[in-house]
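Since the structure comes first, as structure tokens, the remarks are kept for the end.
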Amino acid sequence: MSNKEKGLNKPEEISYELDPELDEKLMGLSGSDRSVRGWMALLIFIITIMMSLYHLYTAGFGLMPGIGTRAHMIVHLTFGLALVYLIFPVKKGLGQQSIAWYDFAIALILVFIGFYLYANQTSPSVLSGRMTLTDTLVGIALIVLLLEATRRVVGKPLVIIAGVFIAYFFLGGFLPSPFRHTRANFDSFIYEMSYTGSGIFSTPLSVSANFVFIFILFGAILEATGAGKMFIDLALRAFGKYKGGPAKAAVVSSGMLGSISGSSVANAVTTGTFTIPLMKKVGFKPKVAGGIEVASSSSGQLLPPVMGAAAFLMIEYTPYSYAEIIKSAAIPAILSYVAILFMVHLEASKNNISGLAKESLVSFRKTMIQHGYLILPVITLVYFLVIGRTVPSAAFFAIVILLTLAVLTHRIREKVGSGILIAVLIAAFSYFLHFQFGWRIEITAMIVIGFFVSLFFVLMQKAFKIDAAPIRFGMKELLGGFELAARNALTVVVACATAGILIGVINLTGLSAKIPVIIVNFAGDNLYLALAFTLVACLILGLGLPTTATYVILAAIVAPALVQMGVPIMAAHLFVLYYGILADDTPPINLPAYAVSGIAKSEPIATGIQGFKYDSGALLLPFVFATNTVILLLPENAGIYSWPVIAQNIFTALIGIIAFAMFIQNFLFVHFRIYERLLALGSALVLIHGSLATDIIGISGVILLIVLQYLRKRKDNEDKMVATT
């Protein structure tokens, strides 16, 4: 046997194990320190499992009989709100070991509210808009309890913003023009928010119920199978040996996982548990290591194939399909990750941080043979999206094949005969359900494909004498994934429902038509000025909010202003989404930074500042695609631009990103002098415009900067050689 083959089975030198407390970290991300045991824990567990199973069924088979679209949202919200009060205490720091009696009572009240809303959807009082006293009390209770649930899970910022909007609804008659309105009415507010599709049960909650939850479930199950370790191993193999390798691996692995999970906080903790200690080991400061993880995890919300919850909201707010949205987002997302990677490279160069020894890295072949089957569910997801299946349906089939692979691979490895028998029985049972009850034949197909893929990887593992993946997926892991998905979804559920209140106020008061006019009038005919105002508005409005809520607000009141200025709809919405994601990293309220600071042993605010810094490498990129949409590959531009033109625009955008990253890091080969830093900034700004003249000027500036830096670096080396002789 060759040395290389021996090395294939050699234990990894890098020591990082799956954190046995990772689920607890993820479950407490939003601030819950209530730790319950016994029957209370069992109750929460059962409700979370029911919530996940309900959404899995609706994704695969459609709504249950008797449950329409609005009823589906009611069920979704009732599950979410009841779980919030059972899991999250009234404030952090109480150290509760049980569920407080008043939270039990509130959870029961919410169940009653859910049943009441479901039963009275078509009552005469609701259909006519003339609410009874009970209707009014139920509506008030729903709004109040929703806002309190939002405070517990998301935090005060979103509740404060909701309070401002509600105050605007009732006090708008006292404001000067153009903000003045005369539509304030208490009964009208309660009715619109609680009983129509204009408030709580509007587009954001619909997207949460129909699209987002099933992808959170997919991500949670994928995480439970050990996919995170596979992504990290692959990224370390590709980048670990280079300068600052662990940090570059963190960027890539967080991007791969973040594109599926869609949750910046969960992603930061999942990958950060492994990557942050490695970054610190090779020389990155704790706050820098945490900041790199924060930036990498947050930007995953822009990266296909999932793009977090905002991509599904974009389907509702734009005339584009999901496939068209992820196609348009792909190039900007990749460029944003290139920016983070280059920022990391410059940081490593500044501090002379080397990579890891190649011998300590797991080989690509071993990683793929050990874990490679976990890539198939992602391929399945993309395949069904490309052929035109609905988004929930594509996610459902991806989950089916994921579960098949996870369950069968270890069993076939341990006992081939019994593993094959289990696979045959499952496939036969699935086909029987198809034949007898009309189950989708694709389910059987996914099971059969999953079986053959599992068998193939087991045979490969045995042929190359490679151990199976360290996680054995069984009922415990499956139910744990279901529970984690429901817990992770709570932030999205309450944020989307509260965002519905904001959208309701915006539409009822006519604010959606006034804000664009104000922005356009203030900016005049200067598009760049309007874009700059929008950038600031995005960062301010998104401060402390989850990306979902940020995007809903921006899509309703800011994106229309850009459209009025001539920016294409897709570009306008990707513009606000990009800066909405960046706002998620904006200190002092930066949830991913707070989540990883404990791992990095760093101060949260300092970690958040570093996260914002590394996410700012591509700060100017949205200005590029808002003023020149070539890189967005818009459907309406199909056939207009040739691939050489597209490649040219990608190249100039990349050069602009490199220039701006050098400006932020104040370094290329040696530390910049003032005129060099100004040259980097000027080159980046010039490259925004996209004309041939500005491209030539910008690229020439970057080339000049590289030459100046090279000459200074060579002179420094010569001076050092003279000093040592």
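FYI, nothing fancy with the structure tokens labels: chains A, B, ... in order, residues from 1 per chain, ligands from 1 as they appear.
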Q.
Would you pick out the contacts of Ala249 (chain A) at 8 Å or less, using only C-alpha atoms, so that residues sharing its chain but fewer than 5 positions from it are not included, and give the list as JSON, numbers by chain?
A. {"A": [232, 235, 236, 238, 239, 240, 275]}
Prev. selection, N, CA and C atoms, output as a PDB file, in the first residue's frame:
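again10.pdb written:
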ATOM      1  N   ILE A 232     -16.852  21.753   6.123  1.00  0.00           N
ATOM      2  CA  ILE A 232     -15.626  22.266   6.731  1.00  0.00           C
ATOM      3  C   ILE A 232     -14.412  21.477   6.241  1.00  0.00           C
ATOM      4  N   ALA A 235     -13.666  22.527   2.670  1.00  0.00           N
ATOM      5  CA  ALA A 235     -13.106  23.876   2.616  1.00  0.00           C
ATOM      6  C   ALA A 235     -11.678  23.902   3.155  1.00  0.00           C
ATOM      7  N   LEU A 236     -11.421  23.161   4.231  1.00  0.00           N
ATOM      8  CA  LEU A 236     -10.071  23.106   4.778  1.00  0.00           C
ATOM      9  C   LEU A 236      -9.103  22.456   3.793  1.00  0.00           C
ATOM     10  N   ALA A 238      -9.338  22.527   0.578  1.00  0.00           N
ATOM     11  CA  ALA A 238      -9.122  23.435  -0.540  1.00  0.00           C
ATOM     12  C   ALA A 238      -8.287  24.649  -0.157  1.00  0.00           C
ATOM     13  N   PHE A 239      -8.473  25.178   1.074  1.00  0.00           N
ATOM     14  CA  PHE A 239      -7.844  26.453   1.433  1.00  0.00           C
ATOM     15  C   PHE A 239      -6.951  26.384   2.670  1.00  0.00           C
ATOM     16  N   GLY A 240      -7.036  25.297   3.438  1.00  0.00           N
ATOM     17  CA  GLY A 240      -6.384  25.270   4.743  1.00  0.00           C
ATOM     18  C   GLY A 240      -4.886  25.449   4.720  1.00  0.00           C
ATOM     19  N   THR A 275     -14.573  26.301  13.268  1.00  0.00           N
ATOM     20  CA  THR A 275     -13.620  27.143  12.539  1.00  0.00           C
ATOM     21  C   THR A 275     -12.945  28.198  13.414  1.00  0.00           C
TER      22      THR A 275
END
**Q.** Shell of 9 Å around Leu205 (chain A), only C-alpha atoms, local chain residues under 2 positions omitted, as a PyMOL selection string
**A.** chain A and resi 73+76-77+200-203+207-210+492-500
Please identify all polymer residues within 10 Å of Thr409 (chain A), counting only C-alpha atoms, omitting same-chain residues fewer than 5 positions from it, and present them as a PDB file with N, CA, C and O atoms, in the first residue's frame.
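In the end it all went to selection26.pdb:
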ATOM      1  N   TYR A 373     -22.332  11.602  -0.120  1.00  0.00           N
ATOM      2  CA  TYR A 373     -23.734  11.362  -0.441  1.00  0.00           C
ATOM      3  C   TYR A 373     -24.646  12.493   0.053  1.00  0.00           C
ATOM      4  O   TYR A 373     -25.776  12.653  -0.429  1.00  0.00           O
ATOM      5  N   THR A 404     -33.547   9.213   3.448  1.00  0.00           N
ATOM      6  CA  THR A 404     -33.218   7.880   2.945  1.00  0.00           C
ATOM      7  C   THR A 404     -31.719   7.621   3.037  1.00  0.00           C
ATOM      8  O   THR A 404     -31.277   6.573   3.524  1.00  0.00           O
ATOM      9  N   GLU A 414     -23.230  -1.456   8.285  1.00  0.00           N
ATOM     10  CA  GLU A 414     -23.115  -2.382   9.411  1.00  0.00           C
ATOM     11  C   GLU A 414     -23.519  -3.797   9.009  1.00  0.00           C
ATOM     12  O   GLU A 414     -22.822  -4.761   9.305  1.00  0.00           O
ATOM     13  N   VAL A 416     -25.081  -5.440   5.480  1.00  0.00           N
ATOM     14  CA  VAL A 416     -25.540  -5.203   4.115  1.00  0.00           C
ATOM     15  C   VAL A 416     -26.909  -5.835   3.879  1.00  0.00           C
ATOM     16  O   VAL A 416     -27.819  -5.205   3.335  1.00  0.00           O
ATOM     17  N   GLY A 419     -29.704  -4.076   5.791  1.00  0.00           N
ATOM     18  CA  GLY A 419     -29.867  -2.734   5.229  1.00  0.00           C
ATOM     19  C   GLY A 419     -30.631  -2.763   3.931  1.00  0.00           C
ATOM     20  O   GLY A 419     -31.526  -1.938   3.694  1.00  0.00           O
ATOM     21  N   GLY A 450     -31.959   6.936  -3.443  1.00  0.00           N
ATOM     22  CA  GLY A 450     -31.202   7.052  -2.204  1.00  0.00           C
ATOM     23  C   GLY A 450     -30.564   5.735  -1.803  1.00  0.00           C
ATOM     24  O   GLY A 450     -29.419   5.703  -1.326  1.00  0.00           O
ATOM     25  N   PHE A 451     -31.300   4.634  -1.987  1.00  0.00           N
ATOM     26  CA  PHE A 451     -30.757   3.314  -1.648  1.00  0.00           C
ATOM     27  C   PHE A 451     -29.520   2.992  -2.481  1.00  0.00           C
ATOM     28  O   PHE A 451     -28.484   2.568  -1.947  1.00  0.00           O
ATOM     29  N   PHE A 452     -29.611   3.182  -3.801  1.00  0.00           N
ATOM     30  CA  PHE A 452     -28.475   2.844  -4.662  1.00  0.00           C
ATOM     31  C   PHE A 452     -27.267   3.746  -4.382  1.00  0.00           C
ATOM     32  O   PHE A 452     -26.118   3.286  -4.425  1.00  0.00           O
ATOM     33  N   VAL A 453     -27.523   5.015  -4.090  1.00  0.00           N
ATOM     34  CA  VAL A 453     -26.420   5.911  -3.751  1.00  0.00           C
ATOM     35  C   VAL A 453     -25.779   5.482  -2.428  1.00  0.00           C
ATOM     36  O   VAL A 453     -24.554   5.467  -2.296  1.00  0.00           O
ATOM     37  N   SER A 454     -26.608   5.126  -1.440  1.00  0.00           N
ATOM     38  CA  SER A 454     -26.083   4.649  -0.156  1.00  0.00           C
ATOM     39  C   SER A 454     -25.227   3.402  -0.353  1.00  0.00           C
ATOM     40  O   SER A 454     -24.126   3.280   0.195  1.00  0.00           O
ATOM     41  N   LEU A 455     -25.745   2.461  -1.144  1.00  0.00           N
ATOM     42  CA  LEU A 455     -25.014   1.223  -1.410  1.00  0.00           C
ATOM     43  C   LEU A 455     -23.671   1.514  -2.085  1.00  0.00           C
ATOM     44  O   LEU A 455     -22.641   0.934  -1.729  1.00  0.00           O
ATOM     45  N   PHE A 456     -23.685   2.433  -3.040  1.00  0.00           N
ATOM     46  CA  PHE A 456     -22.460   2.794  -3.746  1.00  0.00           C
ATOM     47  C   PHE A 456     -21.417   3.356  -2.784  1.00  0.00           C
ATOM     48  O   PHE A 456     -20.241   2.957  -2.821  1.00  0.00           O
ATOM     49  N   PHE A 457     -21.824   4.254  -1.909  1.00  0.00           N
ATOM     50  CA  PHE A 457     -20.864   4.870  -0.989  1.00  0.00           C
ATOM     51  C   PHE A 457     -20.369   3.868   0.054  1.00  0.00           C
ATOM     52  O   PHE A 457     -19.202   3.926   0.462  1.00  0.00           O
ATOM     53  N   VAL A 458     -21.223   2.972   0.474  1.00  0.00           N
ATOM     54  CA  VAL A 458     -20.777   1.938   1.414  1.00  0.00           C
ATOM     55  C   VAL A 458     -19.719   1.055   0.759  1.00  0.00           C
ATOM     56  O   VAL A 458     -18.685   0.728   1.365  1.00  0.00           O
ATOM     57  N   ALA A 468     -16.962   4.944   8.253  1.00  0.00           N
ATOM     58  CA  ALA A 468     -18.209   5.624   7.918  1.00  0.00           C
ATOM     59  C   ALA A 468     -18.224   7.004   8.568  1.00  0.00           C
ATOM     60  O   ALA A 468     -17.409   7.315   9.442  1.00  0.00           O
ATOM     61  N   ALA A 469     -19.137   7.852   8.124  1.00  0.00           N
ATOM     62  CA  ALA A 469     -19.291   9.179   8.728  1.00  0.00           C
ATOM     63  C   ALA A 469     -19.522   9.020  10.225  1.00  0.00           C
ATOM     64  O   ALA A 469     -20.176   8.062  10.664  1.00  0.00           O
ATOM     65  N   ARG A 472     -24.158   8.572  13.296  1.00  0.00           N
ATOM     66  CA  ARG A 472     -25.097   7.517  12.908  1.00  0.00           C
ATOM     67  C   ARG A 472     -26.498   8.064  13.048  1.00  0.00           C
ATOM     68  O   ARG A 472     -26.952   8.354  14.152  1.00  0.00           O
ATOM     69  N   PHE A 473     -27.193   8.218  11.925  1.00  0.00           N
ATOM     70  CA  PHE A 473     -28.492   8.878  11.919  1.00  0.00           C
ATOM     71  C   PHE A 473     -29.586   7.871  12.256  1.00  0.00           C
ATOM     72  O   PHE A 473     -29.815   6.894  11.537  1.00  0.00           O
TER      73      PHE A 473
END
**Q.** Counting only C-alpha atoms, the residue of A:Arg411, A:His345, A:Arg714, A:Lys601 that sits nearest Tyr614 (chain A)
**A.**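 Nearest candidate to Tyr614 (chain A) out of A:Arg411, A:His345, A:Arg714, A:Lys601: A:His345.
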Per residue of region 312-333 of chain A within 10 Å of region 552-565 of chain A, note the shortest atom pair and the distance in Å to one decimal, counting only C-alpha atoms, and order the rows by chain and increasing residue number, as a Markdown table.
| residue | atom | partner | partner_atom | distance |
| --- | --- | --- | --- | --- |
| A:Leu313 | CA | A:Val552 | CA | 7.6 |
| A:Met314 | CA | A:Ala555 | CA | 8.4 |
| A:Tyr317 | CA | A:Ala555 | CA | 7.3 |
| A:Thr318 | CA | A:Ala555 | CA | 9.4 |
Give me a file of those residues, with N, CA and C atoms, as a compact mmCIF listing (two decimals), in the first residue's frame.
# COMPACT_ATOMS: atom_id res chain seq x y z
N LEU A 313 -39.88 35.80 -0.04
CA LEU A 313 -40.64 37.04 0.01
C LEU A 313 -40.53 37.79 -1.31
N MET A 314 -39.34 37.73 -1.92
CA MET A 314 -39.12 38.44 -3.18
C MET A 314 -40.03 37.90 -4.28
N TYR A 317 -43.10 39.94 -3.91
CA TYR A 317 -42.99 41.39 -4.13
C TYR A 317 -42.48 41.75 -5.53
N THR A 318 -42.07 40.76 -6.31
CA THR A 318 -41.59 41.02 -7.67
C THR A 318 -42.29 40.07 -8.63
**Q.** Polymer residues at most 7 Å from Asp585 (chain A), only C-alpha atoms, same-chain spacing of 4 or more positions, as JSON, numbers by chain
**A.** {"A": [590, 608, 611, 612]}
Q.
Which of region 41-75 of chain A end up as helix (DSSP H, G or I) when DSSP is run on this backbone - answer as a VMD selection string?
A. chain A and resid 41 to 61 69 to 75
Go ahead and save the picked residues with N, CA, C and O atoms, as a compact mmCIF listing (two decimals), in the first residue's frame.
# COMPACT_ATOMS: atom_id res chain seq x y z
N ALA A 41 -40.59 19.44 29.38
CA ALA A 41 -39.71 19.29 28.23
C ALA A 41 -40.35 18.38 27.19
O ALA A 41 -40.25 18.63 25.98
N LEU A 42 -41.02 17.33 27.67
CA LEU A 42 -41.70 16.42 26.75
C LEU A 42 -42.82 17.13 26.00
O LEU A 42 -43.02 16.91 24.79
N LEU A 43 -43.55 18.00 26.69
CA LEU A 43 -44.63 18.75 26.05
C LEU A 43 -44.09 19.62 24.92
O LEU A 43 -44.63 19.63 23.80
N ILE A 44 -43.01 20.36 25.21
CA ILE A 44 -42.40 21.21 24.18
C ILE A 44 -41.91 20.36 23.02
O ILE A 44 -42.09 20.70 21.84
N PHE A 45 -41.29 19.23 23.35
CA PHE A 45 -40.77 18.32 22.33
C PHE A 45 -41.89 17.83 21.41
O PHE A 45 -41.75 17.85 20.18
N ILE A 46 -43.01 17.45 21.99
CA ILE A 46 -44.13 16.93 21.20
C ILE A 46 -44.68 18.02 20.29
O ILE A 46 -44.97 17.78 19.10
N ILE A 47 -44.84 19.23 20.79
CA ILE A 47 -45.38 20.33 19.99
C ILE A 47 -44.45 20.67 18.83
O ILE A 47 -44.90 20.91 17.70
N THR A 48 -43.13 20.70 19.09
CA THR A 48 -42.19 20.99 18.01
C THR A 48 -42.22 19.91 16.94
O THR A 48 -42.15 20.22 15.74
N ILE A 49 -42.34 18.65 17.36
CA ILE A 49 -42.41 17.55 16.39
C ILE A 49 -43.69 17.67 15.56
O ILE A 49 -43.67 17.50 14.34
N MET A 50 -44.80 17.99 16.21
CA MET A 50 -46.06 18.15 15.50
C MET A 50 -45.98 19.29 14.48
O MET A 50 -46.48 19.17 13.36
N MET A 51 -45.34 20.38 14.88
CA MET A 51 -45.20 21.52 13.98
C MET A 51 -44.39 21.14 12.74
O MET A 51 -44.77 21.47 11.60
N SER A 52 -43.29 20.44 12.94
CA SER A 52 -42.44 20.04 11.82
C SER A 52 -43.14 19.04 10.92
O SER A 52 -43.09 19.15 9.69
N LEU A 53 -43.80 18.05 11.52
CA LEU A 53 -44.51 17.05 10.72
C LEU A 53 -45.66 17.68 9.93
O LEU A 53 -45.90 17.29 8.77
N TYR A 54 -46.35 18.62 10.53
CA TYR A 54 -47.43 19.31 9.83
C TYR A 54 -46.91 20.02 8.58
O TYR A 54 -47.48 19.89 7.49
N HIS A 55 -45.80 20.75 8.72
CA HIS A 55 -45.27 21.48 7.57
C HIS A 55 -44.64 20.54 6.54
O HIS A 55 -44.68 20.83 5.34
N LEU A 56 -44.07 19.43 7.01
CA LEU A 56 -43.53 18.45 6.06
C LEU A 56 -44.66 17.86 5.22
O LEU A 56 -44.52 17.70 4.00
N TYR A 57 -45.79 17.56 5.86
CA TYR A 57 -46.94 17.01 5.13
C TYR A 57 -47.48 18.01 4.12
O TYR A 57 -47.73 17.66 2.95
N THR A 58 -47.66 19.25 4.53
CA THR A 58 -48.23 20.25 3.61
C THR A 58 -47.29 20.53 2.44
O THR A 58 -47.75 20.80 1.33
N ALA A 59 -45.98 20.45 2.67
CA ALA A 59 -45.03 20.67 1.58
C ALA A 59 -45.12 19.55 0.55
O ALA A 59 -45.00 19.79 -0.66
N GLY A 60 -45.32 18.31 1.03
CA GLY A 60 -45.34 17.17 0.11
C GLY A 60 -46.68 16.85 -0.48
O GLY A 60 -46.77 16.39 -1.63
N PHE A 61 -47.75 17.10 0.27
CA PHE A 61 -49.07 16.64 -0.17
C PHE A 61 -50.11 17.76 -0.26
O PHE A 61 -51.26 17.51 -0.61
N THR A 69 -55.86 28.38 2.70
CA THR A 69 -54.62 29.15 2.80
C THR A 69 -54.56 29.97 4.09
O THR A 69 -53.54 29.97 4.79
N ARG A 70 -55.66 30.66 4.43
CA ARG A 70 -55.66 31.46 5.64
C ARG A 70 -55.60 30.57 6.88
O ARG A 70 -54.87 30.88 7.85
N ALA A 71 -56.32 29.45 6.86
CA ALA A 71 -56.29 28.53 8.00
C ALA A 71 -54.88 27.96 8.20
O ALA A 71 -54.44 27.76 9.34
N HIS A 72 -54.19 27.73 7.11
CA HIS A 72 -52.81 27.24 7.19
C HIS A 72 -51.93 28.25 7.92
O HIS A 72 -51.11 27.87 8.78
N MET A 73 -52.10 29.52 7.63
CA MET A 73 -51.32 30.55 8.33
C MET A 73 -51.71 30.62 9.80
O MET A 73 -50.86 30.85 10.67
N ILE A 74 -53.00 30.42 10.10
CA ILE A 74 -53.45 30.43 11.50
C ILE A 74 -52.79 29.29 12.28
O ILE A 74 -52.30 29.49 13.40
N VAL A 75 -52.77 28.09 11.68
CA VAL A 75 -52.13 26.95 12.33
C VAL A 75 -50.64 27.23 12.54
O VAL A 75 -50.09 26.99 13.62
Q.
Need the shell around Tyr322 (chain A): protein/DNA/RNA residues with any atom at most 12 Å away, counting only C-alpha atoms. Skip same-chain ones fewer than 3 positions apart. Format as a PyMOL selection string?
A. chain A and resi 211+304-307+309-319+325-329+382+384-392+394+570
Can those selected residues be exported to a file as a PDB file, in the first residue's frame so that it contains C-alpha atoms?
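And here's out_17.pdb as it stands now:
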ATOM      1  CA  PHE A 211     -41.791  28.363   2.032  1.00  0.00           C
ATOM      2  CA  PRO A 304     -28.318  30.386  -3.831  1.00  0.00           C
ATOM      3  CA  PRO A 305     -29.863  27.844  -3.782  1.00  0.00           C
ATOM      4  CA  VAL A 306     -31.937  28.925  -0.757  1.00  0.00           C
ATOM      5  CA  MET A 307     -31.056  32.573   0.078  1.00  0.00           C
ATOM      6  CA  ALA A 309     -36.469  33.650   3.836  1.00  0.00           C
ATOM      7  CA  ALA A 310     -36.073  36.870   1.872  1.00  0.00           C
ATOM      8  CA  ALA A 311     -35.841  35.086  -1.496  1.00  0.00           C
ATOM      9  CA  PHE A 312     -39.312  33.639  -0.991  1.00  0.00           C
ATOM     10  CA  LEU A 313     -40.643  37.040   0.008  1.00  0.00           C
ATOM     11  CA  MET A 314     -39.122  38.437  -3.178  1.00  0.00           C
ATOM     12  CA  ILE A 315     -41.300  36.049  -5.170  1.00  0.00           C
ATOM     13  CA  GLU A 316     -44.332  37.842  -3.742  1.00  0.00           C
ATOM     14  CA  TYR A 317     -42.990  41.388  -4.135  1.00  0.00           C
ATOM     15  CA  THR A 318     -41.590  41.024  -7.666  1.00  0.00           C
ATOM     16  CA  PRO A 319     -42.887  39.480 -10.907  1.00  0.00           C
ATOM     17  CA  ILE A 325     -34.301  35.276  -8.528  1.00  0.00           C
ATOM     18  CA  ILE A 326     -31.548  32.827  -7.567  1.00  0.00           C
ATOM     19  CA  LYS A 327     -30.045  33.146 -11.052  1.00  0.00           C
ATOM     20  CA  SER A 328     -29.860  36.929 -10.696  1.00  0.00           C
ATOM     21  CA  ALA A 329     -28.457  36.722  -7.164  1.00  0.00           C
ATOM     22  CA  VAL A 382     -31.916  22.328  -7.475  1.00  0.00           C
ATOM     23  CA  PHE A 384     -36.780  19.975  -8.955  1.00  0.00           C
ATOM     24  CA  LEU A 385     -36.595  23.775  -8.917  1.00  0.00           C
ATOM     25  CA  VAL A 386     -35.127  23.833 -12.424  1.00  0.00           C
ATOM     26  CA  ILE A 387     -37.798  21.539 -13.872  1.00  0.00           C
ATOM     27  CA  GLY A 388     -40.495  23.842 -12.516  1.00  0.00           C
ATOM     28  CA  ARG A 389     -41.796  22.114  -9.387  1.00  0.00           C
ATOM     29  CA  THR A 390     -43.060  24.324  -6.590  1.00  0.00           C
ATOM     30  CA  VAL A 391     -40.540  25.450  -3.999  1.00  0.00           C
ATOM     31  CA  PRO A 392     -42.111  23.486  -1.091  1.00  0.00           C
ATOM     32  CA  ALA A 394     -38.692  20.590  -4.250  1.00  0.00           C
ATOM     33  CA  MET A 570     -34.991  42.887  -9.555  1.00  0.00           C
TER      34      MET A 570
END
Q) Residues at most 8 Å from Ile599 (chain A), counting only C-alpha atoms, excluding those fewer than 4 positions away in the same chain, as JSON, numbers by chain? A) {"A": [272, 273, 276, 277, 290, 595]}
Q. If we count only C-alpha atoms, what is near region 638-654 of chain A at a cut-off of 7 Å, once residues fewer than 4 positions away on the same chain are taken out, given as a PyMOL selection string?
A. chain A and resi 335+630-631+634+658+687+695
Q: Pick out the closest residue to Thr627 (chain A) from this set: A:Ser691, A:Ser128, A:Gln121, A:Gln370. Count only C-alpha atoms.
A: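 Among the listed residues, the smallest separation from Thr627 (chain A) belongs to A:Ser691.
Between CA of Tyr85 (chain A) and CA of Asn120 (chain A) lies a distance of 24.3 Å.
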Contacts of region 162-257 of chain A with region 339-344 of chain A up to 7 Å, shortest pair per row, only C-alpha atoms, as a tab-separated table:
residue	atom	partner	partner_atom	distance
A:Ala247	CA	A:Val344	CA	6.8
A:Lys248	CA	A:Leu341	CA	5.9
A:Val251	CA	A:Leu341	CA	6.7
Saved selection, atoms kept: N, CA, C and O atoms, as a PDB file, in the first residue's frame:
ATOM      1  N   ALA A 247      -9.230  30.579   8.153  1.00  0.00           N
ATOM      2  CA  ALA A 247     -10.207  31.656   7.980  1.00  0.00           C
ATOM      3  C   ALA A 247     -10.847  31.575   6.600  1.00  0.00           C
ATOM      4  O   ALA A 247     -12.059  31.785   6.447  1.00  0.00           O
ATOM      5  N   LYS A 248     -10.052  31.265   5.588  1.00  0.00           N
ATOM      6  CA  LYS A 248     -10.612  31.110   4.242  1.00  0.00           C
ATOM      7  C   LYS A 248     -11.548  29.907   4.195  1.00  0.00           C
ATOM      8  O   LYS A 248     -12.596  29.955   3.535  1.00  0.00           O
ATOM      9  N   VAL A 251     -14.833  30.911   5.651  1.00  0.00           N
ATOM     10  CA  VAL A 251     -15.652  31.684   4.708  1.00  0.00           C
ATOM     11  C   VAL A 251     -16.386  30.751   3.760  1.00  0.00           C
ATOM     12  O   VAL A 251     -17.600  30.872   3.546  1.00  0.00           O
TER      13      VAL A 251
END
Q | Distance of CA of Phe274 (chain A) from CA of Gly474 (chain A), expressed in Å to one decimal place | A | 23.5 Å
